[in-house]
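Presented below is the structure to which this report refers.
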Amino acid sequence: MSNSSLQTKPPMLELQDLSVSFDRQRQLAVDRVNLSIQEGLTLGLVGSSGAGKSSIARAIMRLHDADSGKILFRGEDILRMDPREMKAVRQRIQLVFQDPLASLSPRRSVGQTLLEPLQHFALGDTLSRQEKIRHTLHTVGLDHDVLRRYPHQFSAGQQQRIAIARALVTDPDLLIADEAVASLDVSIQAQILELILDLQKDLGIALLFISHDLAVIRQIADEVAIMYRGQLLEQSSADAFFSGPAHPYSRALLTFASSAEPPRLPDGNWNLEQARSAMEVNASCVFAHKCAEKMPVCEQLEPRSHRIQYRDERAMEPHCVKCHLYDEATGNEN
Amino acid sequence: MMRETWQRLKSDPYGLSGLIVVSVFFLIASCVWSGLLGQGWYEVSGTRWEGISAEHWFGTNLIGQDILQRTLFGTATAFEVGLTVTICSTLLGTVMGALSGWYNHSWLDEIILWLKGVLDAIPFYLFAAAVAFALQGSPWAMHVAMIVTFWTTTARIIRGEVIRIKQRGFIEAARAIGLPGLKTVFRHVLPNTFHLLLVQASIVFVAAINTEVILSFLGLGIQDGVSWGLMLAESSQEVLAGHFGNFLAAGTALFLLLMGFNLLADALQDALDSRRIVR
Amino acid sequence: MLGVTFISFLLMVYFGPDKTYELLGKNPTEEQIREVRHELGYDRPFLVRYGDYLRELVTFDLGLSDSNGEPVAAILARTLPVSLALVLPGFVIGNLLGLALGLLAAWYRGKWLDKLVMSASVVGMSISFIVIIIGLQILLCTPYGLNLFPVRGWQVDGPGSYLYYVTVPTLALVLVTLGYNTRFYRAVMAEEIERDHIRTLRAYGASPAEQLFKHVLKNSLVPVLTRIMFSIPFVVISGSLLLESYFGIPGIGLVTFNAITSGDQPILKAVVGLTGILFVVALMINDMLYSLVDPRIARP
Amino acid sequence: MTVPALRVSGLSVWIGSGADSIQVVDGVSFDIDPGEATGLVGESGCGKTMTAMAILGLLPSTGVRVSCDHIEINGRDVSRLNTAQRRKVLGRDIAMIFQQPATALDPVFTMGQQISAVYRRHADGNQRRAHEAMLASLESVGFERPEEIAQAYPHELSGGMRQLSMIAMAMVCKPAVIIADEPTTALDSSTRALILHQLQQLQALHGTAMLFISHDLGVVRQSCRNVMVMYCGRLIEKTDCQNLFSHARHPYSAGLLSCIPQLGATRPGRISSIPGQVPALADLPSGCHFAARCNRSEPRCSESTPVLDAQDKKGVACFRPL
């Protein structure tokens with residue numbers, strides 16, 4: 001989709017037709033996704049569990065092999081890098097995980113945990129490393145007296161702060177937060193979101209923020225991308241998206257998320273065969289089986305991705321959607 | 001973390017008494033090794049089957065050797081066998097288990113699993129006998145047989161734990177900064193299996209001592225020196241004639257040491273409970 | 001199966017006792033050695049010998065025993081039933097009792113009954129098999145104790161004499177396995193009792209009997225069956241070896257032990273093969289039982 | 001005045017024994033009328049689940065101490081019953097829906113077997129009638145073909161279907177009270193809406209009282225009329241949902257509300273969060289547990305404890321409410 005963008009600045013990270021599959025499964029975890037993240041901005045990647053959000057994060061970090069496509073980091077394809085180049089990229093991109101306790105090595109003290117990336121990337125000398133650790137802990141709102149303590153001695157919120165500190169200690173340019181606030185209570189979630197927003201403002205890092213929770217995305221994202229079953233269905237600026245989501249799936253998501261409205265039931269297909277057949281791959285639109293605005297063409301033809309044309313000034317921001325409703329050739333003009 | 005464990009162990013009376021029993025036995029064994037105790041185990045110092053006396057606290061055996069001396073020396077034998085087997089089989093099991101767990105689903109894993117399956121399927125005493133004959137009566141045949149069979153359990157436990165740990169976030173985090181596999185295993189995986197290894201090692205120790213007794217009894221065990229198993233083998237004929245010295249001495253010593261170790265293993269398991277430390 | 005026979009063959013036959021010197025006596029000439037080795041087939045390549053062995057196993061053509069010339073198949077047929085009769089009662093009682101005690105301890109976990117059962121099982125685990133055998137002998141078979149049962153031997157010709165000879169070995173087997181069994185079953189049951197669906201049952205007012213005997217037991221059948229099935233080959237061969245050599249009972253364990261010490265290769269080969277078969281059968285029955293017991297295996 | 005379907009008064013729970021024991025539930029009292037749904041909201045570790053388990057008497061008898069004035073279901077005190085009498089109440093008069101339907105159902109029995117077992121235990125031992133009741137219950141939660149579900153094992157159902165089956169199991173004896181402990185937390189958003197809808201429908205249909213435990217204020221707002229907020233083992237505010245969202249009175253409730261991220265066409269301003277951390281239960285401050293984090297606190301807040309009026313539907317445990 002970013003191919004069609006009019007952006008003048010080249011994106012920091014760009015995915016081109018990226019596909020990722022699990023071991024010999026029929027359905028792709030990530031299916032020809034095009035996505036881009038600008039320097040210093042936040043992309044919110046939204047989808048329900050199993051939509052392929054985490055697979056994208058894992059593919060970027062080369063934790064999982066991609067099948068095809070490109071991942072361009074400042075113009076260089078990560079997937080074709082040799083180990084030395086990759087090591088340099090890993091220093092620039094850091095991950096924060098969902099479960100803070102699980103992501104910290106249980107038998108290593110906070111100090112050891114924070115030191116490890118510095119040692120691995122051979123950054124600084126012994127003295128400056130200690131100084132860097134102290135400084136980073138201060139940035140995430142922790143005192144340096146935590147250094148000798150172990151992860152299980154902290155509360156969930158503090159653990160996530162430690163995990164963020166570990167990610168920041170190498171001065172990355174891109175932070176990938178994979179459901180980083182999903183397992184936290186709302187009051188702690190608010191504190192961590194606040195911290196991430198502050199950090200981004202102060203350090204100017206870009207953020208790929210993966211979440212299933214649209215309200216959290218609204219707080220933090222400049223751009224929004226919606227995934228469903230491995231495919232990217234919609235990408236636009238956050239303001240355009242939240243004032244008028246285009247894809248039927250996006251609209252359904254937003255309806256479920258806004259608690260003010262009574263829940264709208266999906267048509268009750270609660271029997272085994274349908275539940276199983278819903279898991280089958282179909283060659284057409286991935287959302288067709290649940291779509292409230294389904295047309296005959298949706299079951300026959302896979303939709304293409306389209307720019308939505310706005311008459312007002314927002315037209316400069318690309319708003320792309322993969323749905324027949326917006327395709328003049330196949331669907332009705334909305 | 002070790003301090004927490006020690007605190008819990010100290011507050012457990014059973015575990016503490018187990019530790020004390022094992023320590024006392026270990027002290028005896030050390031004295032034997034350094035030549036302070038049990039050096040007269042082979043001297044014929046009395047007449048056959050003497051009763052309890054000031055000179056022979058536990059009486060004498062068939063040819064008039066002092067049973068106390070032999071029991072003390074047997075302690076050293078037990079520790080020698082137990083420590084050798086425990087250390088070797090635990091190391092072997094850890095390496096094999098870590099390899100097959102870390103390279104889960106690879107050909108290496110398959111081979112190690114196959115080897116484990118085969119070794120587990122061979123009845124142990126037959127195997128020990130076969131090893132004894134294959135090694136032409138070497139005094140280490142028993143040790144080898146035990147090491148070769150005992151590592152499988154340790155490896156299975158470590159493999160399962162490594163696979164479990166591998167899926168956890170902090171391993172993903174280590175891989176995300178590109179930490180090499182071996183470094184990850186040693187720095188982040190194996191330290192988290194330490195509690196299991198400690199417990200398993202104490203279980204292997206018990207099994208080794210137990211097995212030594214049975215193998216010695218069958219004539220496949222200790223060749224030079226004396227062990228509790230040999231004493232029990234001697235006693236199996238004596239008891240029919242009403243001489244219980246060997247049986248009581250070796251049986252009691254064996255029971256106390258095994259009991260101590262079992263209690264210690266239990267207490268360690270509680271103190272190192274993975275759910276409390278590695279949640 | 002192939003693996004088991006392979007390793008065992010390697011150890012027991014290829015590296016095993018060499019009868020050359022036994023047959024020739026001391027100071028043989030080189031010529032004699034070569035001749036005898038050829039006669040015994042020791043000079044043929046390893047794989048050929050292994051292949052021959054497999055063929056013998058498959059066709060049940062097990063040959064004659066080296067020591068007394070009796071057909072190996074006949075020896076097995078004579079001794080296997082004795083061993084089974086010897087270890088079966090102890091095996092069954094040991095497992096049932098262990099299961100019952102384990103269930104009891106797991107249900108009252110943390111209470112005094114649990115502590116009592118567990119302490120007793122630690123004591124049981126700490127007594128060596130040999131000590132148990134000798135101790136029981138003193139208590140039950142000698143004039144120093146009750147003197148009710150025979151010290152050794154096996155002359156069974158009816159239920160009465162069977163009981164007479166089998167009681168002490170059975171008691172020994174039960175005592176030595178009970179501690180381990182109880183602990184294992186308690187661990188399995190305790191884990192099962194703490195599972196969420198047992199809590200659901202309690203929340204819906206199910207009685208302890210329904211929780212334990214219907215749900216806990218059925219859910220824990222997989223590990224329980226695995227343990228039972230896989231301990232069968234060991235109890236039959238290893239367990240009987242010690243009991244039989246001590247009590248002088250002419251079962252398969254004793255025959256095997258004698259074969260090892262005298263280097264009777266045909267018997268060793270047959271026993272190794274038998275173990276492999278037992279193991280594979282146990283594996284197959286186990287898989288079959290799994291799918292009967294667990295719908296997640298039967299209907300994935 | 002109606003008799004409340006569920007009345008809990010003075011419920012306290014301690015974990016551990018002697019001087020080391022930690023109080024995790026502290027004097028919780030509330031009423032729920034027939035047909036009324038009340039939410040119990042709080043952060044993890046605040047004692048919500050402990051409260052539910054204590055009401056049902058499901059806490060282990062060793063290592064945990066429970067005390068209460070009384071727990072009444074339809075006016076009958078069940079807190080003093082012996083275990084056999086209590087078993088007759090559980091599942092018949094009060095039923096529980098658990099958070100994880102994947103583990104809360106027995107994997108080796110079919111859904112039908114598990115649901116009819118509940119019916120046969122409490123209502124009618126007859127196999128055929130139990131089977132019919134089971135099918136009817138499955139149908140009432142929205143399954144079009146209940147026979148299929150009845151013959152399925154839990155692992156053959158999706159998460160949402162398992163939770164619906166769990167609701168069918170809870171409803172099969174038409175209990176007076178249902179306790180739902182985070183029933184939708186493990187499910188994704190579209191399934192969550194369906195489950196909440198079915199729960200509300202059934203509850204309205206049978207006049208069942210419901211205690212709905214959740215950490216998610218949004219979910220509670222969707223499914224409950226009244227709400228209680230819990231903090232460090234104590235109820236600190238009771239009110240109706242509308243009121244809580246428009247005029248939360250306890251500073252903690254207000255803080256919690258402001259932490260919820262909002263959706264809207266314009267990007268919201270700065271998120272406000274509650275400063276500090278939840279104190280450890282082993283080391284609770286005296287007086288109001290929230291005082292140290294509260295921007296309205298005054299000396300008396302840490303000296304004496306503000307109390308909530310026990311059986312009232314509305315109230316706030318605060319000296320200086322908003």
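Ligands are numbered from 1 in the order shown, residues from 1 within each chain, and chains are lettered A, B, ... in the order they appear in the structure tokens.
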With a distance cut-off of 10 Å and only C-alpha atoms, select the neighbouring residues of C:Ala187, excluding the residue or stretch itself and same-chain residues fewer than 4 positions from it, and output the selection as a PyMOL selection string. chain C and resi 102-103+105-106+181-183+191-193
In stretch 29-266 of chain D, DSSP alpha helix (DSSP H) residues written as a PyMOL selection string: chain D and resi 48-56+83-89+101-104+111-122+127-140+146-151+159-171+189-206+217-223+241-246+251-259
I'd like to know which of D:Gln311, D:Thr38, D:Gln100, D:Gln242 is closest to chain C, using only C-alpha atoms.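 Closest residue, counting only C-alpha atoms: D:Gln100.
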To one decimal place in Å, what is the distance between atom CA of A:Leu208 and atom CA of A:His319? 18.2 Å
Find the spatial neighbours of stretch 241-243 of chain B, counting only C-alpha atoms, within a cut-off of 9 Å - ignore same-chain residues fewer than 3 positions away - and output them as a VMD selection string. (chain B and resid 49 51 61 235 237 to 238 246 to 247) or (chain C and resid 138 142 to 144)
Just want the 6 Å neighbourhood of stretch 114-131 of chain C, counted on only C-alpha atoms, with same-chain residues fewer than 6 positions away dropped. Output as a count of residues only. 8
Report as a Markdown table the residues of chain C within 12 Å of chain D, each with its shortest atom pair and distance in Å (one decimal), using only C-alpha atoms, ordered by chain and increasing residue number.
| residue | atom | partner | partner_atom | distance |
| --- | --- | --- | --- | --- |
| C:Trp107 | CA | D:Pro60 | CA | 11.6 |
| C:Tyr108 | CA | D:Thr62 | CA | 10.3 |
| C:Arg109 | CA | D:Thr62 | CA | 9.5 |
| C:Gly110 | CA | D:Thr62 | CA | 7.5 |
| C:Lys111 | CA | D:Thr62 | CA | 8.2 |
| C:Trp112 | CA | D:Thr62 | CA | 11.6 |
| C:Glu192 | CA | D:Asp106 | CA | 10.7 |
| C:Ile193 | CA | D:Asp106 | CA | 11.6 |
| C:Glu194 | CA | D:Pro60 | CA | 10.6 |
| C:Arg195 | CA | D:Thr103 | CA | 7.6 |
| C:Asp196 | CA | D:Ala104 | CA | 4.8 |
| C:His197 | CA | D:Ala104 | CA | 4.1 |
| C:Ile198 | CA | D:Asp106 | CA | 7.7 |
| C:Arg199 | CA | D:Ala104 | CA | 7.5 |
| C:Thr200 | CA | D:Ala104 | CA | 5.9 |
| C:Leu201 | CA | D:Val118 | CA | 8.8 |
| C:Arg202 | CA | D:Leu58 | CA | 7.2 |
| C:Ala203 | CA | D:Leu90 | CA | 5.8 |
| C:Tyr204 | CA | D:Gly91 | CA | 4.0 |
| C:Gly205 | CA | D:Arg87 | CA | 4.1 |
| C:Ala206 | CA | D:Arg87 | CA | 6.7 |
| C:Ser207 | CA | D:Arg87 | CA | 7.2 |
| C:Pro208 | CA | D:Arg87 | CA | 10.0 |
| C:Glu210 | CA | D:Ala117 | CA | 10.2 |
| C:Gln211 | CA | D:Asp106 | CA | 10.8 |
| C:Lys214 | CA | D:Phe109 | CA | 9.9 |
| C:His215 | CA | D:Asp106 | CA | 7.5 |
| C:Val216 | CA | D:Asp106 | CA | 9.5 |
| C:Leu217 | CA | D:Val108 | CA | 10.7 |
| C:Lys218 | CA | D:Val108 | CA | 7.4 |
| C:Asn219 | CA | D:Val108 | CA | 6.6 |
| C:Ser220 | CA | D:Val108 | CA | 10.2 |
| C:Leu221 | CA | D:Val108 | CA | 10.6 |
| C:Val222 | CA | D:Val108 | CA | 11.2 |
| C:Tyr290 | CA | D:Val108 | CA | 11.5 |
| C:Ser291 | CA | D:Val108 | CA | 10.9 |
| C:Leu292 | CA | D:Val108 | CA | 10.3 |
| C:Val293 | CA | D:Val108 | CA | 7.6 |
| C:Asp294 | CA | D:Val108 | CA | 5.9 |
| C:Pro295 | CA | D:Val108 | CA | 6.0 |
| C:Arg296 | CA | D:His155 | CA | 7.0 |
| C:Ile297 | CA | D:Val108 | CA | 10.3 |
| C:Ala298 | CA | D:Val108 | CA | 10.6 |
| C:Arg299 | CA | D:Glu156 | CA | 8.3 |
| C:Pro300 | CA | D:Glu156 | CA | 7.6 |
Output the selection as a tab-separated table (two decimals), in the first residue's frame - C-alpha atoms for each residue.
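So the final result, stored in out-v7.tsv, reads:
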chain	number	residue	atom	x	y	z
C	107	TRP	CA	-7.14	-36.36	48.76
C	108	TYR	CA	-5.97	-35.52	52.28
C	109	ARG	CA	-2.86	-33.69	51.04
C	110	GLY	CA	-1.31	-31.55	53.71
C	111	LYS	CA	-3.20	-33.36	56.46
C	112	TRP	CA	-1.76	-35.83	58.94
C	192	GLU	CA	-5.11	-34.05	38.91
C	193	ILE	CA	-7.08	-32.99	41.99
C	194	GLU	CA	-5.70	-29.46	41.73
C	195	ARG	CA	-6.88	-29.12	38.15
C	196	ASP	CA	-9.56	-26.56	37.33
C	197	HIS	CA	-12.18	-29.05	36.25
C	198	ILE	CA	-12.12	-30.73	39.65
C	199	ARG	CA	-12.74	-27.30	41.17
C	200	THR	CA	-15.68	-26.98	38.78
C	201	LEU	CA	-17.04	-30.26	40.09
C	202	ARG	CA	-16.77	-29.02	43.65
C	203	ALA	CA	-18.50	-25.79	42.65
C	204	TYR	CA	-21.37	-27.88	41.30
C	205	GLY	CA	-21.70	-30.01	44.40
C	206	ALA	CA	-20.15	-33.31	43.28
C	207	SER	CA	-19.41	-35.71	46.11
C	208	PRO	CA	-15.79	-36.64	46.90
C	210	GLU	CA	-17.68	-38.81	42.27
C	211	GLN	CA	-14.74	-36.44	42.02
C	214	LYS	CA	-15.11	-40.85	38.20
C	215	HIS	CA	-13.10	-37.80	37.22
C	216	VAL	CA	-9.67	-37.89	38.89
C	217	LEU	CA	-9.15	-41.56	38.17
C	218	LYS	CA	-10.25	-41.39	34.55
C	219	ASN	CA	-8.11	-38.34	33.87
C	220	SER	CA	-5.02	-39.82	35.46
C	221	LEU	CA	-5.32	-43.16	33.69
C	222	VAL	CA	-2.83	-42.21	31.01
C	290	TYR	CA	-4.57	-44.29	25.40
C	291	SER	CA	-7.09	-43.85	22.66
C	292	LEU	CA	-9.67	-45.73	24.71
C	293	VAL	CA	-9.11	-43.52	27.72
C	294	ASP	CA	-8.45	-40.09	26.26
C	295	PRO	CA	-10.80	-38.62	23.66
C	296	ARG	CA	-8.19	-36.03	22.76
C	297	ILE	CA	-6.10	-38.86	21.32
C	298	ALA	CA	-9.01	-40.76	19.83
C	299	ARG	CA	-10.75	-37.73	18.32
C	300	PRO	CA	-8.18	-35.00	17.80
